[in-house]
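K.L.:
Below you'll find the structure I mean.
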Amino acid sequence: MIFERRLLTRDRGAGILEKLWQIPWSFVLLLCGVAAIGYVALLSAGSGNADLYAQKHAIRFGFGLVVMLGLALVDIRLIARFAWVGYLGGIVLLVLVLMHGNVGKGAQRWIDIGPVQLQPSELMKIMLVVALAAWFHRASWERIGNPLFLIPAAIAVLLPMGLILKQPNLGTALITGMVGAAVFWAAGVRWWKFALIGAAGAVAAPIAYERLHDYQRARITTFLDPESDPLGAGYNIIQSKIALGSGGLWGKGFLQGTQGHLNFLPEKQTDFIFTMIAEEFGLVGAVTTLGMLMLVVAFCYLVAFRSKHQFGRLLAIGLGTNYFLYIFVNVAMVTGSIPVGGVPLPLISHGGSAMLTVMVGFGLLLSAYVHRDAEMGPMRE
Amino acid sequence: MSWRPWGGQGALGGQRGVRKEEERRRGIFTRRAAVLGAIQLGAFGFLGSRLYRLQIEEGARYATLAEENRVSARLFAPPRGRVLDRNGRVVAGNRLNWRALLVAEQTADVAATLQTFSSIVPLADHEKARIEREVRRNRRFVPVIIREFLSWEEMARIEVNAPDLPGVTVDMGTTRIYPETEHLAHVVGYVAAPAEADVGDDPLLQLPGIRVGRAGVERHHDRVLRGRAGAVQVEVNAVGRVIRELDRREGIPGQDVQISVDSELQKAIRGKIEEGTSAVLLDARNGEVLAMATKPSFDPNIFNAGVSAAQWRQWTASRSTPLINKATNGLYAPGSTFKMIVGLAALEAKVCRPGDIVSCPGHLDYGDTRFHCHLRSGHGGMNLRSAIMASCDVYFYEMARRVGMDRIAAMANRFGLGVDLEIELPGTRRGLVPTRGWRQAQGKPWSIGDTIVHGIGQGFYQITPLALAVMTARLATGRAVQPHLTRAIGGRPVRGSRPEDWPSLGIADADMRLIRESMWGVVNGGGTAGVARLPGQYGQMAGKTGTTQVRRVTREQRERGFNVSQVPREWRPHALFVCYAPHDNPLFALSVIVEHGSSGSGAAAPLARDIMVEAFQRLGPQRPGQRVAEAGR
């Protein structure tokens, strides 16, 4: 450990081989395993035809892997220094998407950057975590108790939330808020402040509901009683539950899922990919998948606990919470536990933008792990 | 940066302070991260339990739901039974029919789907209106027909564009076809969409595009022809498209019905008649209808496809009423063809002996009314036989006066006049033979004068050509034969083809013989219809002419010498002729009514002779087939 630290502090550019050695390859293997589940599920979603989704998924994952490993080698101090640049970049993208974005399902969500479609809201969450981690990195106990110190950070959370809400994308806005709150919490902000915010939220909720779009309200009401409109908004939830339930313990077998293959399942290659897995591979397949995803989140905690510096800890906990929320919201959605919101399952759902952002996040996480013993020192200019 | 939120290195007094601060912060972080981790672990646990609940505890329920989702039971119409003529020729058959169907619940926007469909296969506005009406009327999962009788090319275009046409499917059904078009329309009838009132117990009738018999044999034997609905279990995808068939329960196909009509003979007869003429040819021995020809008629295929408003207006507005079967629904006074009934009634009532002579001076005076004979100069002394042969009116005025209306009516009923003949043609009119009681029920008196007029078949009578043919068959055989069309159902012959199936009328043989000889004399003994004599090889025909006024002949006309050729056609009398042949062994019984034909002997009798010759040529004993001659032996 001493050797490593010395090595790292002495020379950032050199020692790439040593850094590569530091990369936790078992975690990379875990990611490959999850991506492989995604490949199989997408193969099934394409009715056995790899050209449809699975092939692209593999290529994107391969590309993402390169990006991730590249980021893993970038010095964590460099990342911390440019944290706010990244944050501002995310805000600019969010503003751009509001002005020029492509409309999908009644909301402006992505912009075309060359051949890639980018959903800035996904990137924003990662940039927010990095920025907040940088903000709280050196904060002393006293400072954290000082509201004047907390207000700029709170604004840093609320600004992207507001922009995402304006798209409008209620689900992602709430997740962004929760990710930010997790960093606040881990940094040591007093719990009663959370209680205060929570109470304020409870008061604001009915007012916010009034301002929701019709489709957003429909989601909430449908969630409360999906059978009320079996062919309308509740259709997805009902069909998803039927698909899951009919999978049983061992599932119907690869390519044998009737719900998915007869198109009762909506968006089976993206939001409802987990349903597809659960229908064809049963509870065993679903729990295995969920377990592997849980290990990914657990690794974030590992990185947090192993990190010698607060920046790395907060970064890891923020990213871990972000992945956790992805997974939880997606699975809870397809099991009919929370209202439907278009949240993909990381590494498994089809979609280039999500894959890239997820892999960028893992790259930052790995960098935090590789540089867990780096001497972060106080931030200057 | 002037304001440094992270503080300086010396803020807490150097390196030691920083380390202490760092330790404290780390401690807080660890506790807090543990709480966060515990929450997230709990959330994963929740998801796991949720999955367990859905997949294991409620798994069976959802498996059933998935099965129901995937499996859809559909009824399908079995092929409708065909109608065959007596020679096995198909007169109502089935042919393939490609149809485009719309299931409303499978499309978000019916109008938009129709719009798209319209760009592929153009739909007229009234079609769209009909579809939207049917969509509103039916439950959302009931398929509604967008368009029938698609060409192969149209069908292919729809299939190719299937992704843009949610809820639209193409299926192959069958449709009714009537190869004989208008020639047999009034007998075979037609099929059309069921009336709303008809859609009751049979689930088959809820199928889109189902056709039921709405007239004629198609209607009478509808249940037999229709069969029982089959069911098929198909695997469907979310948009209702059939992926594969899982199970099939064949329905009971409709049974073929063979009718007694000879379609070739029918066509030949229709070729001989003009508009407004009806001819009914029966097998005299058993009442089978061999031909029932009327003009004008209609093409029953039009009903199957759906009748346009313009077509319907044309049919219903026409004075010649092509939709009405004049042979069963046209009501006429029987005129002199009724005289055999009056004679038989008088004979049976013993008010007349065959040799009794009635003198005809050309009229009969009763009270202060004078009843004219058609021959102004009078026939002189007439007995029953000569009165029938010459069609003397005065003789039958006198006989009617003697026997009374009620006994005449009773005799008419025994010969099938004014009673329900129970033929397999729904809507057939029963007609009317008046009685004193009938008239009195209307609050009007019945006078002897009324009886006298009714003695020559004029007055309140309403008789169909079919009933006249039945009367003739009964006169020829002495049996109460009922007219019928059905020979076999599903290949099994039905009762009624043998003469013994029909009971005797119970009229004295001597009386029947006298009437038959008189009718023989009408044609062969110098009577009114010598023109109808058959060529020798077919034997001899017995018959009776009739001419019925449709307008009263005024005294002025009578004095100027009434000449039918000088009055407008629709004022001219109807021409009637009834006959059977051969006289010594009757096979065929025939009635002919030529509307406004002026005279029975002039217009109806020659036509009847031609029809009879045609019947002998096609069905008579000399023909190779010998079909009628063999029947019932």
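Starting from 1 in every chain, residues are counted up; chains themselves are A, B, ... following the order of the structure tokens, and ligands are numbered from 1 as listed.
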Write out as JSON, numbers by chain each polymer residue whose atoms come within 6 Å of stretch 475-490 of chain B, counting only C-alpha atoms; drop sequence neighbours fewer than 5 positions from it.

P.N.:
{"B": [255, 256, 257, 258, 259, 260, 286, 287, 288, 289, 423, 502, 503, 504, 505]}

K.L.:
Restricting the calculation to only C-alpha atoms: of A:Tyr215, A:Trp192, A:Tyr323, A:Trp185, which residue gets closest to A:Ala354?

P.N.:
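The shortest atom-to-atom distance to A:Ala354 comes from A:Tyr323.
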
K.L.:
For A:Leu295, find every residue with an atom within 10 Å (counting only C-alpha atoms), except residues of its own chain fewer than 6 positions away, and show them as a VMD selection string.

P.N.:
chain A and resid 27 30 to 31 289 301

K.L.:
Pick from B:Val470, B:Leu36, B:Ala63, B:Leu205: nearest to chain A, with only C-alpha atoms counted?

P.N.:
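Among the listed residues, B:Ala63 lies closest to chain A.
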
K.L.:
May I have the residues within 8 Å of B:Ala542 as a PyMOL selection string, using only C-alpha atoms and disregarding those fewer than 3 positions away in the same chain?

P.N.:
chain B and resi 516-517+519-524+579-583

K.L.:
Can you write just those residues out, N, CA and C atoms, as a short mmCIF file (atom, residue, chain, number, x, y, z; two decimals), in the first residue's frame?

P.N.:
```cif
data_model
loop_
_atom_site.label_atom_id
_atom_site.label_comp_id
_atom_site.auth_asym_id
_atom_site.auth_seq_id
_atom_site.Cartn_x
_atom_site.Cartn_y
_atom_site.Cartn_z
N ARG B 516 -113.25 -34.80 -64.41
CA ARG B 516 -112.05 -35.01 -65.22
C ARG B 516 -112.40 -35.14 -66.70
N GLU B 517 -113.50 -35.88 -66.97
CA GLU B 517 -113.90 -36.02 -68.38
C GLU B 517 -114.28 -34.67 -68.97
N MET B 519 -113.04 -31.81 -68.08
CA MET B 519 -111.80 -31.06 -68.32
C MET B 519 -111.07 -31.62 -69.54
N TRP B 520 -111.17 -32.94 -69.73
CA TRP B 520 -110.58 -33.53 -70.94
C TRP B 520 -111.26 -32.94 -72.16
N GLY B 521 -112.60 -32.80 -72.04
CA GLY B 521 -113.37 -32.26 -73.15
C GLY B 521 -113.03 -30.82 -73.47
N VAL B 522 -112.62 -30.06 -72.44
CA VAL B 522 -112.25 -28.65 -72.67
C VAL B 522 -111.14 -28.58 -73.71
N VAL B 523 -110.22 -29.53 -73.63
CA VAL B 523 -109.06 -29.49 -74.53
C VAL B 523 -109.30 -30.36 -75.77
N ASN B 524 -109.87 -31.54 -75.53
CA ASN B 524 -109.92 -32.52 -76.60
C ASN B 524 -111.31 -32.76 -77.17
N CYS B 579 -104.37 -27.16 -65.85
CA CYS B 579 -104.43 -28.40 -66.62
C CYS B 579 -103.57 -29.47 -65.98
N TYR B 580 -103.86 -30.71 -66.36
CA TYR B 580 -103.00 -31.80 -65.96
C TYR B 580 -102.87 -32.77 -67.13
N ALA B 581 -101.80 -33.59 -67.10
CA ALA B 581 -101.57 -34.51 -68.19
C ALA B 581 -100.65 -35.61 -67.69
N PRO B 582 -100.62 -36.78 -68.26
CA PRO B 582 -101.65 -37.24 -69.22
C PRO B 582 -102.99 -37.48 -68.51
N HIS B 583 -104.04 -37.37 -69.27
CA HIS B 583 -105.38 -37.46 -68.71
C HIS B 583 -105.62 -38.80 -68.01
#
```

K.L.:
Could you jot down the atom CA of B:Gly600 to atom CA of B:Thr528 separation for me, Å, one decimal place?

P.N.:
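Result for atom CA of B:Gly600 versus atom CA of B:Thr528: 8.8 Å, one decimal.
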
K.L.:
So that I can check the surroundings of stretch 392-405 of chain B, please list as a ChimeraX atom specification every protein, DNA and RNA residue that reaches within 9 Å of it, counting only C-alpha atoms and ignoring chain neighbours fewer than 2 positions away.

P.N.:
/B:336,339,342-343,345-346,349-352,357-364,371-375,378-379,382-384,386-390,407-410,434-436,448-456

K.L.:
From the DSSP assignment of the backbone, select every residue of stretch 55-107 of chain A that is alpha helix (DSSP H), and format the answer as a ChimeraX atom specification.

P.N.:
/A:55-73,76-81,83-100

K.L.:
List the neighbours of stretch 35-51 of chain A out to 8 Å using only C-alpha atoms; skip same-chain residues closer than 6 positions along the sequence, and give me the result as number ranges by chain.

P.N.:
A: 57-58, 61, 254-255, 260-261, 268-269, 273, 276-277, 289, 347-350

K.L.:
Let's see if you can do this: from backbone DSSP, list all strand (DSSP E or B) residues in stretch 71-150 of chain B, as a list in words.

P.N.:
Val71, Ser72, Ala73, Arg74, Leu75, Phe76, Val83, Leu84, Val90, Val91, Ala92, Gly93, Asn94, Arg95, Leu96, Asn97, Trp98, Arg99, Ala100, Leu101, Leu102, Val144, Ile145, Ile146 and Arg147 of chain B

K.L.:
Which residues are close to B:Ile324, i.e. within 10 Å by only C-alpha atoms, leaving aside same-chain residues fewer than 6 positions away? Reply as a VMD selection string.

P.N.:
chain B and resid 186 294 to 298 315 to 316 330 427

K.L.:
Looking at A:Phe281, A:Phe136, A:Phe272, A:Tyr369, which one is nearest to chain B, with distances taken over only C-alpha atoms?

P.N.:
A:Phe136
